[in-house]
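J.: Encoded as structure tokens, here's the structure I'll be asking about.
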Amino acid sequence: MLVLTRKLGEDILIGDSVSVRVVSIENNKVQIGIEAPSNISIYRQELVEKVRRQNQSSILFGRNDFISAARQLKRLWNVRY
Amino acid sequence: MKVVTQQFGEHDVTDEQIIYFPNGIIGFEDAKKFVIIDDEDSEPFRWLISLDKKEFGFPVLDPSIVIDNYEEEFPPRLAKQLKNGGSLLGVFCVVTLKGEAGNITINLKGPIVVDYENREGKQIILTADELPVSHPLN
């Protein structure tokens with residue numbers, strides 16, 4: 001991993017189109033500003049992990065499980081509405 | 001083209017039905033080609049089936065069933081597209097079952113957006129804190 005030291009307000013450029021700035025430093029929190037083209041996704045890493053786990057658990061179940069789940073939901077929604 | 005999946009048997013799929021995911025689905029980055037299959041028995045779920053080597057499918061649901069004004073949570077450009085005649089865009093959320101308890105949950109945090117015009121899809125992550133990865137359906 002490339003490690004660079006930056007002061008408050010200083011930037012790092014990545015390629016031609018991405019810049020990363022240290023916006024504020026407070027106790028053990030650093031605020032980072034990122035400018036990038038809209039086709040580049042920028043996410044908090046732990047959120048990506050959560051979605052990844054959710055996707056992976058979703059395919060563990062089969063069609064039959066979802067047939068019963070669908071029945072249950074339809075019953076529930078009929079009662080509710 | 002015939003697509004045979006373990007769970008859904010044989011399906012005739014035309015090239016027009018194939019949706020290309022340049023970045024795959026989060027956690028399945030190698031899976032690039034998908035089709036959406038309707039399966040009467042498991043309605044209201046639909047299935048996003050991978051056509052790549054390992055054939056598997058994600059059960060998905062139209063989020064408007066559970067959330068109003070969902071498009072407002074999208075990045076500005078997508079939100080605008082979804083609001084004005086968003087018929088060329090489809091939004092799906094992945095559904096998961098949770099173990100023995102039979103909990104059914106929907107991921108409102110990471111919707112899958114399909115652009116039917118150029119047949120491209122992408123799973124995005126919405127930043128709003130209140131959108132859960134596991135929103136209970138039952």
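Naming scheme: A, B, ... for chains in displayed order of the structure tokens; residues 1 onward per chain; ligands 1 onward as shown.
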Give the helix (DSSP H, G or I) residues of segment 2-128 of chain B, as DSSP finds them on the backbone, and put them as number ranges by chain.

T.: B: 15-17, 40-42, 63-65, 70-73, 76-83, 86-88

J.: Using only C-alpha atoms, which residues of segment 57-114 of chain B come within 9 Å of segment 57-79 of chain A, and what is the closest atom pair for each, with the distance in Å to one decimal? Give it as CSV, sorted by chain and residue number.

T.:
```
residue,atom,partner,partner_atom,distance
B:Gly57,CA,A:Ile59,CA,6.4
B:Phe58,CA,A:Ile59,CA,5.9
B:Pro59,CA,A:Ser58,CA,7.3
B:Val94,CA,A:Ser58,CA,7.3
B:Val95,CA,A:Ser58,CA,6.4
B:Thr96,CA,A:Ser58,CA,4.5
B:Leu97,CA,A:Ser58,CA,6.8
B:Lys98,CA,A:Ser57,CA,8.4
B:Gly102,CA,A:Ala69,CA,7.7
B:Asn103,CA,A:Ala69,CA,8.6
B:Ile104,CA,A:Ala69,CA,7.0
```

J.: Name the residues in contact with Pro22 of chain B at a cut-off of 12 Å, using only C-alpha atoms, excluding same-chain residues fewer than 2 positions from it; report them as a PyMOL selection string.

T.: (chain A and resi 39) or (chain B and resi 19-20+24-26+28-34+114+119-123)

J.: Using DSSP secondary structure from the backbone, list all strand (DSSP E) positions within chain A, as a list in words.

T.: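 Written out, the strand (DSSP E) residues of chain A are Asp11, Ile12, Leu13, Ile14, Val18, Ser19, Val20, Arg21, Val22, Val23, Ser24, Ile25, Glu26, Lys29, Val30, Gln31, Ile32, Gly33, Ile34 and Glu35 of chain A.
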
J.: Can you work out which one of A:Thr5, A:Glu10, A:Ser17, A:Gln45 has the shortest atom-to-atom distance to Gly33 of chain A, counting only C-alpha atoms?

T.: A:Glu10

J.: Under the rule of at most 10 Å, produce a per-residue listing of segment 16-112 of chain B near segment 1-4 of chain B: chain, number, name, the closest pair of atoms, and the distance in Å, as a tab-separated table, using only C-alpha atoms.

T.:
```
residue	atom	partner	partner_atom	distance
B:Val35	CA	B:Val3	CA	9.7
B:Ile49	CA	B:Val3	CA	9.8
B:Ser50	CA	B:Val3	CA	10.0
B:Leu51	CA	B:Val3	CA	7.6
B:Glu55	CA	B:Val4	CA	8.5
```

J.: For the selection just defined, write its residues with all heavy atoms to a file, as an mmCIF file, in the first residue's frame.

T.:
```
data_model
loop_
_atom_site.group_PDB
_atom_site.id
_atom_site.type_symbol
_atom_site.label_atom_id
_atom_site.label_comp_id
_atom_site.auth_asym_id
_atom_site.auth_seq_id
_atom_site.Cartn_x
_atom_site.Cartn_y
_atom_site.Cartn_z
ATOM 1 N N VAL B 35 -30.200 -12.553 -16.818
ATOM 2 C CA VAL B 35 -31.546 -12.346 -17.356
ATOM 3 C C VAL B 35 -32.501 -12.265 -16.168
ATOM 4 O O VAL B 35 -32.220 -12.793 -15.095
ATOM 5 C CB VAL B 35 -32.033 -13.497 -18.286
ATOM 6 C CG1 VAL B 35 -31.381 -13.424 -19.641
ATOM 7 C CG2 VAL B 35 -31.826 -14.853 -17.635
ATOM 8 N N ILE B 49 -31.055 -14.047 -12.907
ATOM 9 C CA ILE B 49 -30.293 -15.286 -13.086
ATOM 10 C C ILE B 49 -29.005 -14.996 -13.845
ATOM 11 O O ILE B 49 -29.019 -14.338 -14.888
ATOM 12 C CB ILE B 49 -31.130 -16.313 -13.895
ATOM 13 C CG1 ILE B 49 -32.480 -16.558 -13.220
ATOM 14 C CG2 ILE B 49 -30.359 -17.597 -14.134
ATOM 15 C CD1 ILE B 49 -32.456 -17.511 -12.084
ATOM 16 N N SER B 50 -27.924 -15.517 -13.312
ATOM 17 C CA SER B 50 -26.627 -15.328 -13.969
ATOM 18 C C SER B 50 -26.471 -16.319 -15.108
ATOM 19 O O SER B 50 -26.794 -17.497 -14.976
ATOM 20 C CB SER B 50 -25.513 -15.532 -12.940
ATOM 21 O OG SER B 50 -24.306 -15.821 -13.608
ATOM 22 N N LEU B 51 -25.971 -15.830 -16.228
ATOM 23 C CA LEU B 51 -25.754 -16.715 -17.381
ATOM 24 C C LEU B 51 -24.296 -17.143 -17.491
ATOM 25 O O LEU B 51 -23.921 -17.838 -18.425
ATOM 26 C CB LEU B 51 -26.155 -16.005 -18.679
ATOM 27 C CG LEU B 51 -27.623 -15.609 -18.824
ATOM 28 C CD1 LEU B 51 -27.850 -14.996 -20.195
ATOM 29 C CD2 LEU B 51 -28.520 -16.816 -18.636
ATOM 30 N N GLU B 55 -24.301 -20.981 -12.789
ATOM 31 C CA GLU B 55 -25.652 -20.434 -12.908
ATOM 32 C C GLU B 55 -26.331 -20.356 -11.551
ATOM 33 O O GLU B 55 -26.586 -21.350 -10.900
ATOM 34 C CB GLU B 55 -26.471 -21.268 -13.889
ATOM 35 C CG GLU B 55 -26.141 -20.879 -15.307
ATOM 36 C CD GLU B 55 -26.729 -21.827 -16.318
ATOM 37 O OE1 GLU B 55 -27.302 -22.849 -15.922
ATOM 38 O OE2 GLU B 55 -26.590 -21.542 -17.521
#
```
